[in-house]
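*Asks:* This one is data.cif, mmCIF, C-alpha atoms.
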data_query
loop_
_atom_site.group_PDB
_atom_site.id
_atom_site.type_symbol
_atom_site.label_atom_id
_atom_site.label_comp_id
_atom_site.auth_asym_id
_atom_site.auth_seq_id
_atom_site.Cartn_x
_atom_site.Cartn_y
_atom_site.Cartn_z
ATOM 1 C CA MET A 1113 120.059 43.277 -151.623
ATOM 2 C CA LYS A 1114 116.911 41.290 -152.101
ATOM 3 C CA ILE A 1115 114.764 41.460 -155.219
ATOM 4 C CA PHE A 1116 111.219 40.217 -154.775
ATOM 5 C CA ILE A 1117 109.937 38.358 -157.818
ATOM 6 C CA PRO A 1118 106.186 38.551 -158.487
ATOM 7 C CA THR A 1119 104.157 35.390 -159.034
ATOM 8 C CA PRO A 1120 104.037 35.543 -162.878
ATOM 9 C CA LEU A 1121 107.797 35.947 -163.247
ATOM 10 C CA ARG A 1122 108.874 33.179 -160.884
ATOM 11 C CA PRO A 1123 108.867 30.505 -163.604
ATOM 12 C CA PHE A 1124 111.510 32.601 -165.383
ATOM 13 C CA ALA A 1125 113.605 32.993 -162.212
ATOM 14 C CA GLY A 1126 114.117 29.366 -161.322
ATOM 15 C CA GLY A 1127 110.870 29.316 -159.363
ATOM 16 C CA LYS A 1128 112.291 31.681 -156.750
ATOM 17 C CA ASP A 1129 110.236 34.364 -155.012
ATOM 18 C CA THR A 1130 113.349 36.215 -153.843
ATOM 19 C CA VAL A 1131 116.722 36.669 -155.502
ATOM 20 C CA GLU A 1132 119.729 38.072 -153.669
ATOM 21 C CA VAL A 1133 122.069 40.289 -155.708
ATOM 22 C CA LYS A 1134 125.103 42.437 -155.005
ATOM 23 C CA ALA A 1135 124.847 45.752 -156.821
ATOM 24 C CA ALA A 1136 125.521 49.446 -156.368
ATOM 25 C CA THR A 1137 122.454 50.857 -158.146
ATOM 26 C CA VAL A 1138 118.935 49.840 -159.084
ATOM 27 C CA ALA A 1139 119.955 49.396 -162.729
ATOM 28 C CA ALA A 1140 122.924 47.247 -161.765
ATOM 29 C CA ALA A 1141 120.693 45.100 -159.568
ATOM 30 C CA LEU A 1142 118.277 44.490 -162.448
ATOM 31 C CA ASP A 1143 121.215 43.764 -164.741
ATOM 32 C CA GLU A 1144 122.552 41.161 -162.345
ATOM 33 C CA LEU A 1145 119.100 39.640 -162.000
ATOM 34 C CA THR A 1146 118.574 39.314 -165.742
ATOM 35 C CA GLY A 1147 122.178 38.182 -166.196
ATOM 36 C CA THR A 1148 121.496 35.267 -163.876
ATOM 37 C CA TYR A 1149 118.024 34.639 -165.304
ATOM 38 C CA PRO A 1150 118.092 35.749 -168.979
ATOM 39 C CA ASP A 1151 114.526 34.559 -169.579
ATOM 40 C CA LEU A 1152 113.345 37.428 -167.362
ATOM 41 C CA ARG A 1153 114.721 40.052 -169.702
ATOM 42 C CA LYS A 1154 111.938 40.087 -172.279
ATOM 43 C CA HIS A 1155 109.340 40.229 -169.512
ATOM 44 C CA LEU A 1156 110.966 43.232 -167.817
ATOM 45 C CA PHE A 1157 112.466 45.255 -170.654
ATOM 46 C CA THR A 1158 111.461 46.520 -174.081
ATOM 47 C CA GLY A 1159 113.620 45.817 -177.101
ATOM 48 C CA GLU A 1160 115.252 49.191 -176.431
ATOM 49 C CA GLY A 1161 116.222 48.119 -172.940
ATOM 50 C CA LYS A 1162 113.713 50.236 -171.057
ATOM 51 C CA VAL A 1163 111.551 48.817 -168.286
ATOM 52 C CA ARG A 1164 108.210 47.885 -169.864
ATOM 53 C CA ALA A 1165 105.440 50.388 -169.176
ATOM 54 C CA PHE A 1166 103.317 47.985 -167.146
ATOM 55 C CA VAL A 1167 106.201 46.878 -164.934
ATOM 56 C CA ASN A 1168 106.612 48.848 -161.718
ATOM 57 C CA VAL A 1169 109.897 48.718 -159.835
ATOM 58 C CA TYR A 1170 109.871 49.855 -156.231
ATOM 59 C CA LEU A 1171 112.957 50.513 -154.118
ATOM 60 C CA ASN A 1172 111.592 49.799 -150.648
ATOM 61 C CA ASP A 1173 108.395 51.915 -150.727
ATOM 62 C CA GLU A 1174 109.406 54.288 -153.525
ATOM 63 C CA ASP A 1175 108.557 54.041 -157.206
ATOM 64 C CA VAL A 1176 111.925 54.128 -158.975
ATOM 65 C CA ARG A 1177 110.415 56.205 -161.822
ATOM 66 C CA TYR A 1178 109.923 59.078 -159.385
ATOM 67 C CA LEU A 1179 113.284 58.954 -157.624
ATOM 68 C CA PRO A 1180 115.568 61.872 -158.633
ATOM 69 C CA GLU A 1181 118.198 59.540 -160.044
ATOM 70 C CA LYS A 1182 115.682 56.915 -161.202
ATOM 71 C CA ASP A 1183 117.390 53.579 -161.833
ATOM 72 C CA GLY A 1184 120.742 55.219 -161.184
ATOM 73 C CA THR A 1185 119.767 55.456 -157.499
ATOM 74 C CA LYS A 1186 122.341 53.906 -155.200
ATOM 75 C CA VAL A 1187 121.271 50.916 -153.136
ATOM 76 C CA THR A 1188 122.556 49.282 -149.958
ATOM 77 C CA PRO A 1189 122.531 45.603 -148.954
ATOM 78 C CA GLY A 1190 119.539 46.193 -146.662
ATOM 79 C CA ASP A 1191 117.346 47.631 -149.428
ATOM 80 C CA THR A 1192 114.670 45.644 -151.202
ATOM 81 C CA LEU A 1193 113.525 45.890 -154.785
ATOM 82 C CA SER A 1194 109.973 44.859 -155.665
ATOM 83 C CA ILE A 1195 108.922 44.115 -159.233
ATOM 84 C CA ILE A 1196 105.172 44.577 -159.564
ATOM 85 C CA PRO A 1197 103.270 44.294 -162.850
ATOM 86 C CA SER A 1198 100.316 46.659 -162.966
ATOM 87 C CA ILE A 1199 96.692 45.707 -162.336
ATOM 88 C CA ALA A 1200 93.844 47.402 -164.133
ATOM 89 C CA GLY A 1201 90.862 46.690 -166.351
ATOM 90 C CA GLY A 1202 87.198 47.365 -166.777
ATOM 91 C CA LEU A 1203 84.296 47.097 -169.129
ATOM 92 C CA MET B 596 90.468 25.179 -161.290
ATOM 93 C CA LEU B 597 90.350 27.891 -158.650
ATOM 94 C CA SER B 598 89.708 26.662 -155.133
ATOM 95 C CA VAL B 599 88.314 29.318 -152.835
ATOM 96 C CA THR B 600 86.812 29.246 -149.351
ATOM 97 C CA LYS B 601 83.171 30.179 -148.911
ATOM 98 C CA ALA B 602 84.255 33.115 -146.739
ATOM 99 C CA VAL B 603 86.458 34.554 -149.487
ATOM 100 C CA TYR B 604 83.866 33.902 -152.179
ATOM 101 C CA ASP B 605 81.225 35.711 -150.157
ATOM 102 C CA ALA B 606 83.612 38.554 -149.296
ATOM 103 C CA ILE B 607 84.541 39.408 -152.869
ATOM 104 C CA ARG B 608 80.895 39.313 -153.970
ATOM 105 C CA ALA B 609 79.885 41.514 -151.040
ATOM 106 C CA HIS B 610 82.653 43.951 -151.980
ATOM 107 C CA GLY B 611 81.100 44.325 -155.421
ATOM 108 C CA GLU B 612 77.752 45.143 -153.838
ATOM 109 C CA GLU B 613 79.363 47.662 -151.454
ATOM 110 C CA THR B 614 80.968 49.686 -154.190
ATOM 111 C CA TYR B 615 78.084 49.479 -156.699
ATOM 112 C CA PRO B 616 77.611 51.316 -159.047
ATOM 113 C CA HIS B 617 81.392 51.531 -159.078
ATOM 114 C CA GLU B 618 83.782 48.685 -159.735
ATOM 115 C CA CYS B 619 85.436 47.063 -156.734
ATOM 116 C CA CYS B 620 88.869 45.460 -156.865
ATOM 117 C CA GLY B 621 91.217 43.481 -154.708
ATOM 118 C CA ALA B 622 93.813 40.746 -154.542
ATOM 119 C CA LEU B 623 93.555 37.025 -153.921
ATOM 120 C CA LEU B 624 96.235 35.390 -151.784
ATOM 121 C CA GLY B 625 96.921 31.688 -151.859
ATOM 122 C CA SER B 626 99.142 28.768 -152.696
ATOM 123 C CA GLU B 627 99.698 26.966 -155.944
ATOM 124 C CA THR B 628 98.659 23.316 -156.098
ATOM 125 C CA PRO B 629 98.975 20.856 -158.993
ATOM 126 C CA GLY B 630 95.323 21.528 -159.785
ATOM 127 C CA GLY B 631 95.516 25.323 -159.659
ATOM 128 C CA TRP B 632 95.456 28.086 -157.071
ATOM 129 C CA ARG B 633 94.015 27.517 -153.621
ATOM 130 C CA ILE B 634 92.865 30.890 -152.287
ATOM 131 C CA GLU B 635 93.243 31.467 -148.557
ATOM 132 C CA SER B 636 92.290 35.116 -148.255
ATOM 133 C CA SER B 637 91.345 38.237 -150.148
ATOM 134 C CA VAL B 638 92.490 41.813 -149.686
ATOM 135 C CA LYS B 639 90.322 44.771 -150.619
ATOM 136 C CA ALA B 640 92.076 47.456 -152.619
ATOM 137 C CA GLY B 641 91.138 50.977 -153.524
ATOM 138 C CA ASN B 642 90.064 51.725 -157.084
ATOM 139 C CA THR B 643 92.295 54.553 -158.242
ATOM 140 C CA ARG B 644 90.210 55.128 -161.378
ATOM 141 C CA THR B 645 88.000 57.687 -159.657
ATOM 142 C CA ASP B 646 87.613 59.436 -163.019
ATOM 143 C CA SER B 647 85.678 56.455 -164.413
ATOM 144 C CA ALA B 648 85.015 54.087 -161.504
ATOM 145 C CA HIS B 649 81.769 52.769 -162.984
ATOM 146 C CA ASN B 650 83.603 50.975 -165.801
ATOM 147 C CA ARG B 651 87.316 50.960 -164.943
ATOM 148 C CA TYR B 652 89.479 49.776 -162.080
ATOM 149 C CA GLN B 653 93.118 50.088 -161.182
ATOM 150 C CA ILE B 654 95.073 49.178 -158.088
ATOM 151 C CA SER B 655 97.958 51.511 -157.298
ATOM 152 C CA ALA B 656 101.403 49.972 -157.553
ATOM 153 C CA GLY B 657 102.213 51.235 -154.069
ATOM 154 C CA GLU B 658 99.258 49.335 -152.629
ATOM 155 C CA LEU B 659 100.277 46.241 -154.595
ATOM 156 C CA VAL B 660 103.753 46.378 -153.079
ATOM 157 C CA LYS B 661 102.196 46.408 -149.588
ATOM 158 C CA ILE B 662 99.803 43.559 -150.461
ATOM 159 C CA GLU B 663 102.689 41.548 -151.887
ATOM 160 C CA ARG B 664 104.686 42.109 -148.685
ATOM 161 C CA GLU B 665 101.757 41.013 -146.511
ATOM 162 C CA SER B 666 101.234 37.879 -148.597
ATOM 163 C CA ARG B 667 104.897 36.995 -148.260
ATOM 164 C CA GLN B 668 104.705 37.396 -144.459
ATOM 165 C CA GLN B 669 101.758 35.002 -144.441
ATOM 166 C CA GLY B 670 103.655 32.475 -146.536
ATOM 167 C CA LEU B 671 101.267 33.053 -149.423
ATOM 168 C CA SER B 672 101.539 34.428 -152.951
ATOM 169 C CA ILE B 673 99.423 36.849 -154.914
ATOM 170 C CA ALA B 674 97.385 34.275 -156.804
ATOM 171 C CA GLY B 675 95.149 36.657 -158.668
ATOM 172 C CA PHE B 676 92.804 39.585 -158.498
ATOM 173 C CA TYR B 677 89.107 40.250 -158.438
ATOM 174 C CA HIS B 678 86.883 43.040 -159.645
ATOM 175 C CA SER B 679 83.214 43.654 -160.369
ATOM 176 C CA HIS B 680 81.268 44.516 -163.489
ATOM 177 C CA PRO B 681 78.343 46.764 -162.457
ATOM 178 C CA ASP B 682 75.283 45.979 -164.592
ATOM 179 C CA HIS B 683 77.411 43.985 -166.998
ATOM 180 C CA PRO B 684 78.078 40.235 -167.435
ATOM 181 C CA ALA B 685 80.842 38.433 -165.546
ATOM 182 C CA GLN B 686 82.906 38.087 -168.696
ATOM 183 C CA TRP B 687 86.329 39.507 -169.384
ATOM 184 C CA SER B 688 86.451 42.517 -171.648
ATOM 185 C CA PRO B 689 89.088 43.557 -174.198
ATOM 186 C CA THR B 690 90.245 46.135 -171.626
ATOM 187 C CA ASP B 691 90.598 43.406 -168.997
ATOM 188 C CA LEU B 692 92.820 41.361 -171.292
ATOM 189 C CA ALA B 693 94.882 44.293 -172.510
ATOM 190 C CA GLU B 694 95.586 45.387 -168.927
ATOM 191 C CA ALA B 695 96.230 41.878 -167.544
ATOM 192 C CA HIS B 696 99.899 41.129 -166.972
ATOM 193 C CA TRP B 697 99.959 38.505 -164.215
ATOM 194 C CA LEU B 698 100.486 35.354 -166.294
ATOM 195 C CA GLY B 699 99.400 32.186 -164.544
ATOM 196 C CA CYS B 700 97.182 34.095 -162.142
ATOM 197 C CA SER B 701 93.397 34.107 -161.802
ATOM 198 C CA TYR B 702 91.173 37.067 -162.566
ATOM 199 C CA VAL B 703 87.786 36.758 -160.875
ATOM 200 C CA ILE B 704 84.897 38.875 -162.123
ATOM 201 C CA THR B 705 81.540 39.295 -160.382
ATOM 202 C CA ALA B 706 78.548 40.719 -162.188
ATOM 203 C CA VAL B 707 76.571 43.097 -159.983
ATOM 204 C CA ALA B 708 73.066 43.778 -161.289
ATOM 205 C CA GLN B 709 71.162 46.650 -159.703
ATOM 206 C CA GLY B 710 73.349 46.354 -156.605
ATOM 207 C CA LYS B 711 73.101 42.579 -156.207
ATOM 208 C CA ALA B 712 75.967 40.188 -156.984
ATOM 209 C CA THR B 713 74.853 37.626 -159.539
ATOM 210 C CA GLU B 714 77.344 35.518 -161.476
ATOM 211 C CA THR B 715 81.000 35.118 -160.516
ATOM 212 C CA ASN B 716 83.499 33.700 -162.997
ATOM 213 C CA SER B 717 87.222 33.104 -162.898
ATOM 214 C CA PHE B 718 89.588 33.427 -165.821
ATOM 215 C CA ARG B 719 93.166 32.246 -165.685
ATOM 216 C CA LEU B 720 95.649 34.348 -167.647
ATOM 217 C CA ASP B 721 97.419 31.663 -169.655
ATOM 218 C CA GLY B 722 100.241 31.910 -172.157
ATOM 219 C CA SER B 723 103.956 32.418 -171.815
ATOM 220 C CA SER B 724 104.303 36.067 -172.804
ATOM 221 C CA GLU B 725 102.451 39.353 -173.347
ATOM 222 C CA GLU B 726 102.108 38.448 -177.004
ATOM 223 C CA SER B 727 100.552 35.018 -176.399
ATOM 224 C CA LYS B 728 98.456 35.738 -173.303
ATOM 225 C CA ARG B 729 94.803 34.727 -173.188
ATOM 226 C CA PHE B 730 92.051 34.255 -170.643
ATOM 227 C CA ASP B 731 90.766 30.719 -170.053
ATOM 228 C CA LEU B 732 87.564 30.168 -168.081
ATOM 229 C CA GLU B 733 88.272 27.998 -165.047
ATOM 230 C CA THR B 734 85.970 26.217 -162.621
ATOM 231 C CA ILE B 735 85.550 27.788 -159.184
ATOM 232 C CA GLU B 736 85.471 25.218 -156.395
ATOM 233 C CA ILE B 737 84.023 26.591 -153.176
ATOM 234 C CA SER B 738 85.249 24.884 -150.023
ATOM 235 C CA GLY B 739 84.804 25.286 -146.279
#
Could you express the structure from this file as structure tokens?
*Replies:*
Amino acid sequence: MKIFIPTPLRPFAGGKDTVEVKAATVAAALDELTGTYPDLRKHLFTGEGKVRAFVNVYLNDEDVRYLPEKDGTKVTPGDTLSIIPSIAGGL
Amino acid sequence: MLSVTKAVYDAIRAHGEETYPHECCGALLGSETPGGWRIESSVKAGNTRTDSAHNRYQISAGELVKIERESRQQGLSIAGFYHSHPDHPAQWSPTDLAEAHWLGCSYVITAVAQGKATETNSFRLDGSSEESKRFDLETIEISG
């Protein structure tokens, strides 16, 4: 499956905007990604290994946090995973 | 330096006037050059902070995923974001910095005073991590 890397994380993923991984679940896909590019780990996960609060992970058009099996959701080679840091602010 | 076309520059300022007295927000799509981002287009986004739209903005992650997909199809990257500060200077706020997570990207802020866009500034989110991030004022070059 393809994992789309957002602009700010590309320097930590060899400059790539897309990384192809072979995995059975969302969690396994992220594990393979950070196994290949260890520098990504601290940007994606907390010290406890949870996805950081401001990092959104979407399986196709679905927020993984709201899927019944969350990051245990099974994936197929045609699926895409998007990593999207949040955007907010104000006065 | 942030290079932006006149059309994009005008569009993001006009967006701030349209949504006044609420904050507008959107994404900037472009390509990275040795001198900084070159912005090719902007995409308006909805402000999901309807509870406090006069002083807060947020773009939904679902909309960001769609914007990211569109940028990829155009051969561009999300280079940054823009928003407005109604009746407030075009300077980043502590909230802006705390909520900024796109390292290396540009955050453009337009002050809108009494419904009219005044100053527009761009701040690049520099640093190598959440812990070391900072905003640096960058020159806006308007082309075309």
*Asks:* Please identify every residue of chain B that has at least one atom no more than 6 Å from any atom of chain A, counting all atoms listed in the file, and report them as an mmCIF file with C-alpha atoms, in the coordinates of the input.
*Replies:*
data_model
loop_
_atom_site.group_PDB
_atom_site.id
_atom_site.type_symbol
_atom_site.label_atom_id
_atom_site.label_comp_id
_atom_site.auth_asym_id
_atom_site.auth_seq_id
_atom_site.Cartn_x
_atom_site.Cartn_y
_atom_site.Cartn_z
ATOM 1 C CA ASN B 650 83.603 50.975 -165.801
ATOM 2 C CA ARG B 651 87.316 50.960 -164.943
ATOM 3 C CA TYR B 652 89.479 49.776 -162.080
ATOM 4 C CA GLN B 653 93.118 50.088 -161.182
ATOM 5 C CA ILE B 654 95.073 49.178 -158.088
ATOM 6 C CA SER B 688 86.451 42.517 -171.648
ATOM 7 C CA THR B 690 90.245 46.135 -171.626
ATOM 8 C CA ASP B 691 90.598 43.406 -168.997
ATOM 9 C CA GLU B 694 95.586 45.387 -168.927
ATOM 10 C CA TRP B 697 99.959 38.505 -164.215
ATOM 11 C CA LEU B 698 100.486 35.354 -166.294
ATOM 12 C CA GLY B 699 99.400 32.186 -164.544
#
*Asks:* Could you list, as a CSV table (one decimal) with C-alpha atoms, keeping the file's coordinate frame, every residue matched by the PyMOL selection byres ((chain B and resi 660-664) around 8) in this structure?
*Replies:*
chain,number,residue,atom,x,y,z
A,1170,TYR,CA,109.9,49.9,-156.2
A,1173,ASP,CA,108.4,51.9,-150.7
A,1194,SER,CA,110.0,44.9,-155.7
A,1196,ILE,CA,105.2,44.6,-159.6
B,622,ALA,CA,93.8,40.7,-154.5
B,638,VAL,CA,92.5,41.8,-149.7
B,656,ALA,CA,101.4,50.0,-157.6
B,657,GLY,CA,102.2,51.2,-154.1
B,658,GLU,CA,99.3,49.3,-152.6
B,659,LEU,CA,100.3,46.2,-154.6
B,665,GLU,CA,101.8,41.0,-146.5
B,666,SER,CA,101.2,37.9,-148.6
B,667,ARG,CA,104.9,37.0,-148.3
B,668,GLN,CA,104.7,37.4,-144.5
B,672,SER,CA,101.5,34.4,-153.0
B,673,ILE,CA,99.4,36.8,-154.9
*Asks:* Using the chain letters and numbers from this file, what does the PyMOL selection byres ((chain B and resi 734) around 9) select? Give the answer as a PyMOL selection string.
*Replies:* chain B and resi 596-598+716-718+732-733+735-736
*Asks:* Convert the current residue selection to file output with C-alpha atoms, as a short mmCIF file (atom, residue, chain, number, x, y, z; two decimals), in the frame of the given file.
*Replies:*
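The resulting file, out.cif, is reproduced below:
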data_model
loop_
_atom_site.label_atom_id
_atom_site.label_comp_id
_atom_site.auth_asym_id
_atom_site.auth_seq_id
_atom_site.Cartn_x
_atom_site.Cartn_y
_atom_site.Cartn_z
CA MET B 596 90.47 25.18 -161.29
CA LEU B 597 90.35 27.89 -158.65
CA SER B 598 89.71 26.66 -155.13
CA ASN B 716 83.50 33.70 -163.00
CA SER B 717 87.22 33.10 -162.90
CA PHE B 718 89.59 33.43 -165.82
CA LEU B 732 87.56 30.17 -168.08
CA GLU B 733 88.27 28.00 -165.05
CA ILE B 735 85.55 27.79 -159.18
CA GLU B 736 85.47 25.22 -156.40
#
*Asks:* Got a sec to resolve the PyMOL selection byres ((chain A and resi 1125) around 9) on this structure and send the residues as a compact mmCIF listing (two decimals) with C-alpha atoms, in the frame of the given file?
*Replies:*
# COMPACT_ATOMS: atom_id res chain seq x y z
CA ILE A 1117 109.94 38.36 -157.82
CA LEU A 1121 107.80 35.95 -163.25
CA ARG A 1122 108.87 33.18 -160.88
CA PRO A 1123 108.87 30.50 -163.60
CA PHE A 1124 111.51 32.60 -165.38
CA GLY A 1126 114.12 29.37 -161.32
CA GLY A 1127 110.87 29.32 -159.36
CA LYS A 1128 112.29 31.68 -156.75
CA ASP A 1129 110.24 34.36 -155.01
CA THR A 1130 113.35 36.22 -153.84
CA VAL A 1131 116.72 36.67 -155.50
CA LEU A 1145 119.10 39.64 -162.00
CA THR A 1146 118.57 39.31 -165.74
CA THR A 1148 121.50 35.27 -163.88
CA TYR A 1149 118.02 34.64 -165.30
CA PRO A 1150 118.09 35.75 -168.98
CA ASP A 1151 114.53 34.56 -169.58
CA LEU A 1152 113.34 37.43 -167.36
*Asks:* What is the CA of Thr1185 in chain A to CA of Ala1140 in chain A distance in Å?
*Replies:*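 The value is 9.8 Å.
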*Asks:* Can you pull out the residues contacting Leu692 in chain B? Cut-off 9 Å, using only C-alpha atoms, and skip same-chain residues under 4 positions away; I want them as a PDB file with C-alpha atoms, keeping the file's coordinate frame.
*Replies:*
ATOM      1  CA  GLY A1201      90.862  46.690-166.351  1.00  0.00           C
TER       2      GLY A1201
ATOM      3  CA  TRP B 687      86.329  39.507-169.384  1.00  0.00           C
ATOM      4  CA  SER B 688      86.451  42.517-171.648  1.00  0.00           C
ATOM      5  CA  HIS B 696      99.899  41.129-166.972  1.00  0.00           C
ATOM      6  CA  LEU B 720      95.649  34.348-167.647  1.00  0.00           C
ATOM      7  CA  LYS B 728      98.456  35.738-173.303  1.00  0.00           C
ATOM      8  CA  ARG B 729      94.803  34.727-173.188  1.00  0.00           C
ATOM      9  CA  PHE B 730      92.051  34.255-170.643  1.00  0.00           C
TER      10      PHE B 730
END
*Asks:* What separation in Å, quoted to one decimal, exists between CA of Ala708 in chain B and CA of Pro681 in chain B?
*Replies:*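 Separating CA of Ala708 in chain B from CA of Pro681 in chain B is a distance of 6.2 Å.
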*Asks:* If I take CA of Ala648 in chain B and CA of Thr614 in chain B, how far is one from the other in Å, to one decimal?
*Replies:* 9.4 Å
*Asks:* Would you mind listing what lies within 8 Å of Lys639 in chain B as a PyMOL selection string, with only C-alpha atoms counted and same-chain residues fewer than 2 positions away left out?
*Replies:* chain B and resi 610+620-622+637+641
*Asks:* Which one of B:Ile634, B:Cys619, B:Ala640, B:Ala695 sits closest to His680 in chain B if you count all atoms listed in the file?
*Replies:*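 Among B:Ile634, B:Cys619, B:Ala640, B:Ala695, it is B:Cys619 that comes nearest to His680 in chain B.
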*Asks:* Draw an axis-aligned box tight on the listed atoms of range 645-650 of chain B, then pad every side by 4 Å and write out centre and edge lengths in Å to one decimal as lines of an AutoDock Vina configuration file.
*Replies:*
center_x = 84.9
center_y = 55.2
center_z = -162.7
size_x = 14.2
size_y = 16.5
size_z = 14.1
*Asks:* Compare A:Thr1158, A:Arg1153, A:Leu1171, A:Gly1147 by their minimum atom-to-atom distance to Pro1189 in chain A, counting only C-alpha atoms, and give me the closest one.
*Replies:*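 Among the listed residues, the smallest separation from Pro1189 in chain A belongs to A:Leu1171.
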